[in-house]
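What follows is the content of run31.txt (compact mmCIF, C-alpha atoms).
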# COMPACT_ATOMS: atom_id res chain seq x y z
CA MET Q 289 61.44 24.14 -107.84
CA ILE Q 290 60.22 27.63 -106.99
CA ASN Q 291 62.25 30.53 -108.38
CA SER Q 292 64.96 31.48 -105.88
CA ASP Q 293 64.26 35.20 -106.35
CA ILE Q 294 60.71 34.70 -105.07
CA ILE Q 295 62.03 32.81 -102.06
CA THR Q 296 64.46 35.64 -101.32
CA ASP Q 297 61.61 38.17 -101.50
CA VAL Q 298 59.35 36.10 -99.26
CA VAL Q 299 62.16 35.69 -96.73
CA ILE Q 300 62.86 39.45 -96.70
CA GLY Q 301 59.21 40.40 -96.33
CA MET Q 302 58.08 37.74 -93.91
CA SER Q 303 61.12 38.07 -91.67
CA ASP Q 304 60.29 41.67 -90.80
CA GLY Q 305 56.53 41.12 -91.14
CA LEU Q 306 56.49 38.49 -88.42
CA THR Q 307 58.84 40.41 -86.13
CA VAL Q 308 57.90 44.11 -86.17
CA PRO Q 309 54.06 43.97 -85.91
CA PHE Q 310 54.48 41.25 -83.26
CA ALA Q 311 56.83 43.44 -81.22
CA LEU Q 312 54.70 46.56 -81.67
CA ALA Q 313 51.54 44.75 -80.54
CA ALA Q 314 53.48 43.28 -77.61
CA GLY Q 315 54.67 46.76 -76.64
CA LEU Q 316 51.18 48.21 -76.74
CA SER Q 317 49.74 45.27 -74.77
CA GLY Q 318 51.76 46.47 -71.79
CA ALA Q 319 50.54 50.06 -72.13
CA VAL Q 320 46.88 49.97 -73.20
CA GLN Q 321 43.94 47.94 -71.96
CA SER Q 322 41.76 47.55 -75.03
CA THR Q 323 42.73 45.40 -77.98
CA GLY Q 324 40.94 47.83 -80.34
CA LEU Q 325 43.86 50.25 -80.28
CA ILE Q 326 46.39 47.45 -80.67
CA ILE Q 327 44.58 46.30 -83.81
CA ILE Q 328 44.44 49.84 -85.24
CA ALA Q 329 48.15 50.41 -84.56
CA GLY Q 330 49.07 46.92 -85.81
CA MET Q 331 47.14 47.30 -89.06
CA ALA Q 332 48.58 50.80 -89.60
CA GLU Q 333 52.05 49.33 -89.06
CA ILE Q 334 51.41 46.50 -91.51
CA ALA Q 335 50.24 49.02 -94.13
CA ALA Q 336 53.24 51.29 -93.48
CA GLY Q 337 55.80 48.49 -93.32
CA SER Q 338 54.59 46.58 -96.37
CA ILE Q 339 54.49 49.72 -98.52
CA ALA Q 340 57.86 50.96 -97.28
CA MET Q 341 59.48 47.56 -97.87
CA GLY Q 342 57.65 46.78 -101.12
CA LEU Q 343 58.18 50.16 -102.77
CA GLY Q 344 61.65 50.30 -101.22
CA GLY Q 345 62.39 46.99 -102.95
CA TYR Q 346 60.98 48.38 -106.20
CA LEU Q 347 63.20 51.45 -105.95
CA ALA Q 348 66.26 49.33 -105.17
CA GLY Q 349 65.55 47.15 -108.22
CA ARG Q 350 65.07 50.18 -110.47
CA THR Q 351 68.28 51.78 -109.16
CA GLU Q 352 70.21 48.57 -109.83
CA LEU Q 353 68.91 48.50 -113.40
CA ASP Q 354 69.73 52.19 -114.01
CA HIS Q 355 73.19 51.70 -112.55
CA TYR Q 356 73.82 48.69 -114.79
CA GLN Q 357 72.70 50.53 -117.93
CA SER Q 358 74.85 53.59 -117.21
CA GLU Q 359 77.93 51.47 -116.47
CA LEU Q 360 77.32 49.44 -119.65
CA LYS Q 361 77.19 52.63 -121.71
CA ARG Q 362 80.40 53.84 -120.09
CA GLU Q 363 82.20 50.53 -120.74
CA TYR Q 364 81.26 50.65 -124.45
CA TYR Q 365 82.45 54.26 -124.62
CA GLU Q 366 85.76 53.38 -122.97
CA VAL Q 367 86.36 50.34 -125.19
CA ASP Q 368 85.97 52.63 -128.19
CA ASN Q 369 87.74 55.73 -126.89
CA LYS Q 370 90.11 54.66 -124.12
CA ARG Q 371 91.21 51.38 -125.63
CA ASP Q 372 94.71 51.42 -124.08
CA ILE Q 373 93.39 51.87 -120.56
CA GLU Q 374 90.80 49.11 -121.05
CA ILE Q 375 93.46 46.75 -122.39
CA GLN Q 376 95.59 47.53 -119.35
CA GLU Q 377 92.62 46.72 -117.06
CA THR Q 378 91.99 43.47 -118.91
CA LYS Q 379 95.67 42.61 -118.56
CA GLU Q 380 95.47 43.20 -114.80
CA PHE Q 381 92.46 40.90 -114.59
CA PHE Q 382 94.34 38.06 -116.30
CA SER Q 383 97.49 38.81 -114.33
CA ASN Q 384 95.52 38.54 -111.04
CA LEU Q 385 94.26 35.13 -112.16
CA GLY Q 386 97.90 33.99 -112.19
CA LEU Q 387 98.52 33.81 -115.93
CA SER Q 388 102.03 34.27 -117.36
CA GLU Q 389 102.95 37.36 -119.38
CA GLU Q 390 102.77 35.35 -122.60
CA THR Q 391 99.33 33.87 -121.90
CA GLN Q 392 98.04 37.29 -120.78
CA GLN Q 393 98.95 38.73 -124.18
CA LYS Q 394 97.32 35.87 -126.06
CA ALA Q 395 94.17 36.06 -123.93
CA ILE Q 396 93.90 39.82 -124.48
CA GLU Q 397 94.23 39.40 -128.22
CA GLU Q 398 91.43 36.85 -128.20
CA VAL Q 399 88.91 38.55 -125.91
CA THR Q 400 89.30 42.02 -127.48
CA LYS Q 401 88.33 40.63 -130.89
CA ASP Q 402 84.62 40.53 -129.99
CA LYS Q 403 83.59 43.89 -128.51
CA ASP Q 404 80.34 42.68 -126.87
CA ARG Q 405 82.11 39.79 -125.23
CA TRP Q 406 84.89 42.05 -124.02
CA VAL Q 407 82.48 44.59 -122.51
CA ASN Q 408 80.60 41.71 -120.91
CA LEU Q 409 83.83 40.44 -119.34
CA MET Q 410 84.62 43.89 -117.94
CA MET Q 411 81.08 44.35 -116.58
CA LYS Q 412 81.00 40.98 -114.90
CA TYR Q 413 84.55 40.55 -113.63
CA GLU Q 414 86.05 44.03 -113.34
CA LEU Q 415 82.92 45.74 -111.99
CA GLY Q 416 81.18 42.64 -110.59
CA LEU Q 417 77.85 43.59 -112.19
CA GLU Q 418 75.35 40.99 -113.39
CA LYS Q 419 72.65 42.02 -115.84
CA PRO Q 420 69.47 42.52 -113.77
CA ASP Q 421 66.07 41.30 -114.96
CA PRO Q 422 64.08 44.43 -115.97
CA ARG Q 423 60.75 43.02 -114.73
CA ARG Q 424 62.30 41.97 -111.44
CA ALA Q 425 61.72 45.33 -109.66
CA THR Q 426 57.93 45.20 -109.99
CA LYS Q 427 57.62 41.53 -109.10
CA SER Q 428 59.95 41.98 -106.16
CA ALA Q 429 57.94 44.91 -104.77
CA PHE Q 430 54.77 42.86 -104.87
CA ASN Q 431 56.29 39.70 -103.34
CA ILE Q 432 58.02 41.52 -100.49
CA GLY Q 433 54.97 43.66 -99.68
CA LEU Q 434 52.57 40.71 -99.73
CA SER Q 435 54.88 38.58 -97.57
CA TYR Q 436 55.04 41.41 -95.04
CA VAL Q 437 51.22 41.57 -94.88
CA VAL Q 438 50.87 37.79 -94.48
CA GLY Q 439 53.65 37.71 -91.88
CA GLY Q 440 52.18 40.68 -89.99
CA LEU Q 441 48.64 39.29 -89.79
CA ILE Q 442 49.87 36.20 -87.91
CA PRO Q 443 50.98 37.95 -84.69
CA LEU Q 444 48.05 40.37 -84.88
CA SER Q 445 45.28 37.78 -85.36
CA PRO Q 446 44.82 36.77 -81.68
CA TYR Q 447 43.94 40.37 -80.73
CA PHE Q 448 40.83 40.15 -82.92
CA PHE Q 449 39.40 37.39 -80.74
CA VAL Q 450 40.19 38.47 -77.18
CA LYS Q 451 39.26 41.62 -75.27
CA ASP Q 452 42.30 41.94 -73.05
CA GLY Q 453 45.71 43.00 -74.40
CA ILE Q 454 47.78 40.77 -72.12
CA THR Q 455 45.75 37.66 -73.07
CA GLY Q 456 46.19 38.59 -76.72
CA LEU Q 457 49.92 38.99 -76.17
CA LYS Q 458 50.27 35.54 -74.60
CA ILE Q 459 48.52 33.81 -77.52
CA SER Q 460 50.32 36.02 -80.05
CA ALA Q 461 53.72 35.24 -78.50
CA VAL Q 462 53.17 31.47 -78.66
CA ILE Q 463 51.91 31.52 -82.26
CA THR Q 464 54.52 33.99 -83.51
CA LEU Q 465 57.51 32.36 -81.84
CA ILE Q 466 56.49 29.00 -83.32
CA CYS Q 467 56.12 30.61 -86.74
CA LEU Q 468 59.48 32.38 -86.41
CA PHE Q 469 61.08 29.06 -85.49
CA ILE Q 470 59.58 27.27 -88.51
CA PHE Q 471 60.39 30.22 -90.75
CA GLY Q 472 63.97 30.42 -89.41
CA TYR Q 473 64.39 26.68 -89.94
CA PHE Q 474 63.56 26.81 -93.65
CA LYS Q 475 65.39 30.09 -94.20
CA SER Q 476 68.57 28.59 -92.69
CA LYS Q 477 68.19 25.43 -94.72
CA LEU Q 478 68.05 27.50 -97.92
CA THR Q 479 71.16 29.50 -97.05
CA GLY Q 480 73.09 26.41 -96.01
CA VAL Q 481 73.55 27.10 -92.30
CA SER Q 482 72.51 24.79 -89.45
CA PRO Q 483 68.66 24.81 -89.55
CA VAL Q 484 67.99 24.38 -85.81
CA GLY Q 485 70.64 26.92 -84.80
CA GLY Q 486 69.31 29.38 -87.37
CA ALA Q 487 65.73 28.79 -86.24
CA PHE Q 488 66.68 29.63 -82.64
CA ARG Q 489 68.47 32.77 -83.73
CA VAL Q 490 65.51 34.08 -85.77
CA MET Q 491 63.13 33.30 -82.89
CA THR Q 492 65.43 35.02 -80.39
CA ILE Q 493 65.52 38.22 -82.44
CA GLY Q 494 61.71 38.31 -82.42
CA ALA Q 495 61.59 37.72 -78.67
CA ILE Q 496 64.19 40.44 -77.97
CA ALA Q 497 62.42 42.95 -80.21
CA ALA Q 498 59.08 42.24 -78.49
CA GLY Q 499 60.63 42.39 -75.03
CA CYS Q 500 62.28 45.75 -75.69
CA ALA Q 501 59.14 47.22 -77.23
CA PHE Q 502 57.15 46.07 -74.18
CA ALA Q 503 59.71 47.57 -71.77
CA ILE Q 504 59.88 50.91 -73.59
CA ALA Q 505 56.10 51.25 -73.84
CA LYS Q 506 55.74 50.47 -70.10
CA LEU Q 507 58.47 52.98 -69.28
CA ILE Q 508 56.92 55.83 -71.25
CA GLN Q 509 53.42 55.13 -69.97
CA SER Q 510 54.44 55.27 -66.29
CA MET P 279 85.93 59.60 -97.60
CA ILE P 280 83.64 57.69 -95.28
CA ASN P 281 83.63 53.91 -95.64
CA SER P 282 81.00 52.88 -98.21
CA ASP P 283 79.79 50.00 -96.03
CA ILE P 284 78.80 52.49 -93.31
CA ILE P 285 76.94 54.60 -95.85
CA THR P 286 75.08 51.52 -97.08
CA ASP P 287 74.08 50.67 -93.50
CA VAL P 288 72.94 54.21 -92.75
CA VAL P 289 70.89 54.28 -95.95
CA ILE P 290 69.23 50.94 -95.12
CA GLY P 291 68.42 51.93 -91.54
CA MET P 292 67.39 55.53 -92.09
CA SER P 293 65.30 54.78 -95.15
CA ASP P 294 62.91 52.57 -93.17
CA GLY P 295 63.40 54.54 -89.94
CA LEU P 296 62.10 57.76 -91.49
CA THR P 297 59.24 56.05 -93.33
CA VAL P 298 57.63 53.46 -91.04
CA PRO P 299 57.41 55.36 -87.71
CA PHE P 300 56.22 58.40 -89.68
CA ALA P 301 53.46 56.40 -91.37
CA LEU P 302 52.46 54.63 -88.14
CA ALA P 303 52.20 57.93 -86.25
CA ALA P 304 50.23 59.40 -89.16
CA GLY P 305 47.85 56.44 -89.09
CA LEU P 306 47.26 56.76 -85.36
CA SER P 307 46.75 60.52 -85.63
CA GLY P 308 43.60 59.82 -87.58
CA ALA P 309 42.28 57.33 -85.04
CA VAL P 310 43.22 58.57 -81.55
CA GLN P 311 42.93 61.99 -79.96
CA SER P 312 45.83 62.09 -77.52
CA THR P 313 49.45 62.26 -78.61
CA GLY P 314 50.49 60.17 -75.58
CA LEU P 315 49.41 56.95 -77.28
CA ILE P 316 51.03 57.95 -80.55
CA ILE P 317 54.33 58.47 -78.72
CA ILE P 318 54.06 55.10 -76.93
CA ALA P 319 53.26 53.28 -80.17
CA GLY P 320 55.93 55.20 -82.09
CA MET P 321 58.65 54.49 -79.53
CA ALA P 322 57.63 50.81 -79.37
CA GLU P 323 57.84 50.68 -83.16
CA ILE P 324 61.29 52.31 -83.19
CA ALA P 325 62.51 49.76 -80.61
CA ALA P 326 60.98 46.86 -82.55
CA GLY P 327 62.10 48.05 -85.97
CA SER P 328 65.67 48.95 -84.99
CA ILE P 329 66.21 45.62 -83.24
CA ALA P 330 64.60 43.60 -86.04
CA MET P 331 66.65 45.40 -88.69
CA GLY P 332 69.88 45.59 -86.69
CA LEU P 333 69.88 41.98 -85.51
CA GLY P 334 68.50 40.95 -88.89
CA GLY P 335 71.53 42.62 -90.47
CA TYR P 336 73.80 40.85 -88.00
CA LEU P 337 72.28 37.49 -88.85
CA ALA P 338 72.56 38.16 -92.58
CA GLY P 339 76.24 39.04 -92.15
CA ARG P 340 76.91 35.93 -90.08
CA THR P 341 75.09 33.74 -92.59
CA GLU P 342 77.13 35.23 -95.42
CA LEU P 343 80.34 34.45 -93.54
CA ASP P 344 79.28 30.87 -92.71
CA HIS P 345 78.24 30.31 -96.30
CA TYR P 346 81.60 31.60 -97.58
CA GLN P 347 83.57 29.37 -95.20
CA SER P 348 81.61 26.24 -96.08
CA GLU P 349 81.94 26.88 -99.82
CA LEU P 350 85.67 27.54 -99.40
CA LYS P 351 86.11 24.21 -97.61
CA ARG P 352 84.18 22.46 -100.37
CA GLU P 353 86.26 24.07 -103.13
CA TYR P 354 89.53 22.94 -101.45
CA TYR P 355 88.10 19.45 -101.09
CA GLU P 356 87.05 19.35 -104.74
CA VAL P 357 90.39 20.68 -106.01
CA ASP P 358 92.08 17.81 -104.14
CA ASN P 359 89.57 15.04 -104.78
CA LYS P 360 87.61 15.93 -107.91
CA ARG P 361 90.43 17.52 -109.83
CA ASP P 362 89.09 16.56 -113.27
CA ILE P 363 85.70 18.15 -112.66
CA GLU P 364 87.32 21.31 -111.30
CA ILE P 365 89.61 21.54 -114.31
CA GLN P 366 86.58 21.14 -116.57
CA GLU P 367 84.83 24.00 -114.71
CA THR P 368 87.91 26.19 -115.01
CA LYS P 369 88.05 25.40 -118.71
CA GLU P 370 84.42 26.46 -119.10
CA PHE P 371 85.18 29.73 -117.34
CA PHE P 372 88.01 30.52 -119.76
CA SER P 373 85.97 29.30 -122.72
CA ASN P 374 83.11 31.67 -121.75
CA LEU P 375 85.58 34.54 -121.71
CA GLY P 376 86.18 33.84 -125.39
CA LEU P 377 89.63 32.25 -125.24
CA SER P 378 90.77 29.78 -127.90
CA GLU P 379 91.24 26.09 -127.11
CA GLU P 380 95.01 26.54 -127.03
CA THR P 381 94.99 29.54 -124.70
CA GLN P 382 92.44 27.78 -122.44
CA GLN P 383 94.86 24.89 -121.99
CA LYS P 384 97.78 27.20 -121.23
CA ALA P 385 95.73 29.26 -118.80
CA ILE P 386 94.55 26.12 -116.97
CA GLU P 387 98.10 24.85 -116.64
CA GLU P 388 99.15 28.16 -115.11
CA VAL P 389 96.30 28.78 -112.68
CA THR P 390 96.18 25.21 -111.35
CA LYS P 391 99.85 25.43 -110.31
CA ASP P 392 99.00 27.50 -107.22
CA LYS P 393 96.18 25.80 -105.30
CA ASP P 394 95.20 28.85 -103.20
CA ARG P 395 95.02 31.06 -106.25
CA TRP P 396 92.99 28.46 -108.12
CA VAL P 397 90.48 28.06 -105.30
CA ASN P 398 90.28 31.85 -105.06
CA LEU P 399 89.48 32.07 -108.78
CA MET P 400 86.72 29.47 -108.44
CA MET P 401 85.23 31.18 -105.38
CA LYS P 402 85.23 34.61 -106.97
CA TYR P 403 84.33 33.89 -110.58
CA GLU P 404 82.56 30.53 -110.64
CA LEU P 405 80.54 31.06 -107.47
CA GLY P 406 80.62 34.87 -107.38
CA LEU P 407 81.57 34.96 -103.70
CA GLU P 408 83.77 37.69 -102.22
CA LYS P 409 85.46 37.08 -98.89
CA PRO P 410 83.31 38.90 -96.28
CA ASP P 411 84.87 40.93 -93.46
CA PRO P 412 84.36 38.88 -90.25
CA ARG P 413 83.81 41.97 -88.08
CA ARG P 414 81.36 43.44 -90.55
CA ALA P 415 78.27 41.66 -89.12
CA THR P 416 78.56 43.31 -85.69
CA LYS P 417 79.36 46.76 -87.03
CA SER P 418 76.57 46.51 -89.56
CA ALA P 419 73.99 45.57 -86.91
CA PHE P 420 74.94 48.58 -84.83
CA ASN P 421 74.96 51.06 -87.74
CA ILE P 422 71.64 49.93 -89.19
CA GLY P 423 69.92 49.86 -85.78
CA LEU P 424 71.22 53.29 -84.77
CA SER P 425 70.25 54.82 -88.12
CA TYR P 426 66.74 53.46 -87.69
CA VAL P 427 66.47 55.07 -84.23
CA VAL P 428 67.77 58.43 -85.47
CA GLY P 429 65.51 58.29 -88.53
CA GLY P 430 62.48 57.28 -86.45
CA LEU P 431 62.86 60.02 -83.85
CA ILE P 432 62.55 62.73 -86.55
CA PRO P 433 58.89 62.07 -87.53
CA LEU P 434 57.96 61.32 -83.92
CA SER P 435 59.47 64.44 -82.34
CA PRO P 436 56.60 66.90 -83.08
CA TYR P 437 54.16 64.75 -81.10
CA PHE P 438 56.18 65.44 -77.93
CA PHE P 439 55.40 69.15 -78.17
CA VAL P 440 51.75 69.30 -79.19
CA LYS P 441 48.62 67.91 -77.53
CA ASP P 442 46.55 67.18 -80.61
CA GLY P 443 47.35 64.28 -82.97
CA ILE P 444 46.33 66.07 -86.18
CA THR P 445 48.50 69.12 -85.35
CA GLY P 446 51.38 66.75 -84.63
CA LEU P 447 50.78 65.00 -87.93
CA LYS P 448 50.88 68.25 -89.88
CA ILE P 449 54.25 69.29 -88.41
CA SER P 450 55.58 65.73 -88.65
CA ALA P 451 54.59 65.46 -92.32
CA VAL P 452 56.37 68.70 -93.23
CA ILE P 453 59.57 67.81 -91.35
CA THR P 454 59.65 64.18 -92.49
CA LEU P 455 58.91 64.83 -96.16
CA ILE P 456 61.70 67.44 -96.23
CA CYS P 457 64.07 64.95 -94.55
CA LEU P 458 63.04 62.17 -96.96
CA PHE P 459 63.70 64.51 -99.87
CA ILE P 460 67.18 65.45 -98.58
CA PHE P 461 67.90 61.82 -97.71
CA GLY P 462 66.67 60.62 -101.12
CA TYR P 463 68.79 63.25 -102.83
CA PHE P 464 72.06 62.08 -101.27
CA LYS P 465 71.14 58.40 -101.54
CA SER P 466 70.50 58.81 -105.28
CA LYS P 467 73.71 60.76 -105.74
CA LEU P 468 75.66 57.89 -104.17
CA THR P 469 74.06 55.24 -106.36
CA GLY P 470 74.54 57.31 -109.50
CA VAL P 471 70.88 57.99 -110.43
CA SER P 472 69.32 61.41 -110.98
CA PRO P 473 69.34 63.05 -107.49
CA VAL P 474 66.16 65.15 -107.82
CA GLY P 475 64.18 62.32 -109.41
CA GLY P 476 65.39 59.91 -106.73
CA ALA P 477 64.57 62.40 -103.99
CA PHE P 478 60.99 62.71 -105.25
CA ARG P 479 60.61 58.94 -105.44
CA VAL P 480 61.83 58.40 -101.85
CA MET P 481 59.54 61.19 -100.61
CA THR P 482 56.57 59.75 -102.51
CA ILE P 483 57.00 56.32 -100.93
CA GLY P 484 56.89 57.94 -97.48
CA ALA P 485 53.78 59.92 -98.39
CA ILE P 486 51.99 56.86 -99.81
CA ALA P 487 52.85 54.74 -96.75
CA ALA P 488 51.58 57.45 -94.41
CA GLY P 489 48.43 57.98 -96.46
CA CYS P 490 47.58 54.27 -96.51
CA ALA P 491 48.27 53.87 -92.79
CA PHE P 492 46.01 56.86 -92.09
CA ALA P 493 43.22 55.46 -94.28
CA ILE P 494 43.39 51.97 -92.78
CA ALA P 495 43.39 53.26 -89.20
CA LYS P 496 40.37 55.49 -89.97
CA LEU P 497 38.58 52.59 -91.62
CA ILE P 498 39.06 50.18 -88.70
CA GLN P 499 38.15 52.80 -86.11
CA SER P 500 34.82 53.67 -87.75
Go through the file and emit its structure as structure tokens.
Amino acid sequence: MINSDIITDVVIGMSDGLTVPFALAAGLSGAVQSTGLIIIAGMAEIAAGSIAMGLGGYLAGRTELDHYQSELKREYYEVDNKRDIEIQETKEFFSNLGLSEETQQKAIEEVTKDKDRWVNLMMKYELGLEKPDPRRATKSAFNIGLSYVVGGLIPLSPYFFVKDGITGLKISAVITLICLFIFGYFKSKLTGVSPVGGAFRVMTIGAIAAGCAFAIAKLIQS
Amino acid sequence: MINSDIITDVVIGMSDGLTVPFALAAGLSGAVQSTGLIIIAGMAEIAAGSIAMGLGGYLAGRTELDHYQSELKREYYEVDNKRDIEIQETKEFFSNLGLSEETQQKAIEEVTKDKDRWVNLMMKYELGLEKPDPRRATKSAFNIGLSYVVGGLIPLSPYFFVKDGITGLKISAVITLICLFIFGYFKSKLTGVSPVGGAFRVMTIGAIAAGCAFAIAKLIQS
């Protein structure tokens, strides 16, 4: 079984990687004759998109880690210095679970005995924060960026072999829509929604994005 | 106070909207002379990116909702038909909190009395699922897409007023890097990390993406 974090990263990167360079190339196919310019723009977009998404993912991971550490520090401080307020918050947590007054008191007595465990409870259930993996940010950046590049090269590849933009677009559309369908199928299966329905939805988004890009490029050019 | 969901959407959309069209336009500035083509490609990219991100956000929201509903149905089924297993899972939850055997038993007795509350506890704390807002998916799609368009028009705007790509790039770089800095500052402030450090990081990602896109476009063209 592949790590589910990697799958999430690949899904994030490839989803946009297949769609945006495909739509951009489609848009340019309607406005320029030569495929040379489409390739230059497409490759520039893949570079821009993969770096923005990859480093963006890295930054998000780092921020999550910083946020967790600062909240953890604050919880330890509060357990030591604002004990009454923390006990009140713990009481509310148990009360919301539906425990009786008597059981709430007993539970509080027991969880507050071990400070680490208590802080952990507050972090996880009061604040809803799970401890993030410190190495995750770097790995995530790489996985998302690489998936974007792989995804982006698929719709762009036909333009390398034909001279005319519209011919390139036709081949690119067939290949990319098939890939989006397959990709959407597996993505939906992983998230537990209907695979065929999900596959159609992912494919439709790609088609709409490409159609709009084509229309806008045509409109500006004329 | 503005709704935090809206802020999250604006951050997601504008973050990529400022970066990717900026980097694409920068890349093309190194490879083509006229700004007309840069504008066509940039506008096509904004259309493609905003639709891919907006509809992608919609799909993610819908998937989250479907997933929640199907898990909720399963939990109700299990509470009715696999009661022993569910009680065992609830026991583990209380045991992990650090409660004694006696208090675990009492707590289980109390929470299993009210079926809705029990299912809610399992959804929230065993599976870590919060009930999503059903209208969120549509709103989110719109907010993310619009933020991408607004963000993307900023780096592209100079190219409308100058004839030469490199001049456009110079003005675009100054405007966009300032905007990324301001944007990064407020984004960092919201997530609780150092604002100036965060602002520099966001700006650096934009600069790296633009630099790489420029280099790749130059390389292919020559």
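What chain P places within 6 Å of chain Q, counting all atoms listed in the file, is Val298, Ala301, Leu302, Gly305, Ile318, Ala322, Glu323, Ala325, Ala326, Gly327, Ile329, Gly376, Leu377, Glu388, Val389, Ala487, Ala491 and Ala495 of chain P.
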- Task: For Gly345 (chain Q), please output as a list of chain:residue names all residues within 8 Å (counting only C-alpha atoms; exclusion window: fewer than 6 positions along the same chain).
- Result: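 Close residues of Gly345 (chain Q): Q:Ala425, Q:Ser428, Q:Ala429, Q:Ile432.
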- Mind pulling up the distance from CA of Met401 (chain P) to CA of Tyr346 (chain P)?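 Between CA of Tyr346 (chain P) and CA of Met401 (chain P) the gap works out to 8.6 Å.
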Can you pull out every residue within 9 Å of Val407 (chain Q), counting all atoms listed in the file, but drop anything in the same chain fewer than 6 positions away, and send it as a JSON list (two decimals) with C-alpha atoms, in the frame of the given file?
[["chain", "number", "residue", "atom", "x", "y", "z"],
["Q", 360, "LEU", "CA", 77.32, 49.44, -119.65],
["Q", 363, "GLU", "CA", 82.20, 50.53, -120.74],
["Q", 364, "TYR", "CA", 81.26, 50.65, -124.45],
["Q", 367, "VAL", "CA", 86.36, 50.34, -125.19],
["Q", 400, "THR", "CA", 89.30, 42.02, -127.48]]
- Note on the structure: In Å and to one decimal, CA of Leu468 (chain Q) is distant from CA of Leu434 (chain P) by 29.1 Å
- Item | Using all atoms listed in the file: which of Q:Ser317, Q:Arg424, Q:Val438, Q:Glu366 has the shortest distance to Lys458 (chain Q) |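 Nearest to Lys458 (chain Q): Q:Ser317.
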- What gap, in Å, lies between CA of Ile466 (chain Q) and CA of Asp297 (chain Q)? 21.0 Å
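Here the question is which of Q:Phe474, Q:Thr464, Q:Thr323, Q:Gly485 gets nearest to Val298 (chain Q) using only C-alpha atoms, and that residue is Q:Phe474.
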Adding 4 Å on each side of the box along x, y and z that holds all listed atoms of region 431-449 of chain Q, could you give its centre and edge lengths in Å to one decimal, as AutoDock Vina command-line options?
--center_x 48.7 --center_y 39.9 --center_z -92.0 --size_x 26.6 --size_y 15.5 --size_z 30.6
- Find the residues around Phe469 (chain Q) up to 8 Å (all atoms listed in the file counted), leave out those fewer than 4 positions away in its own chain, and share them as a count of residues only. 6
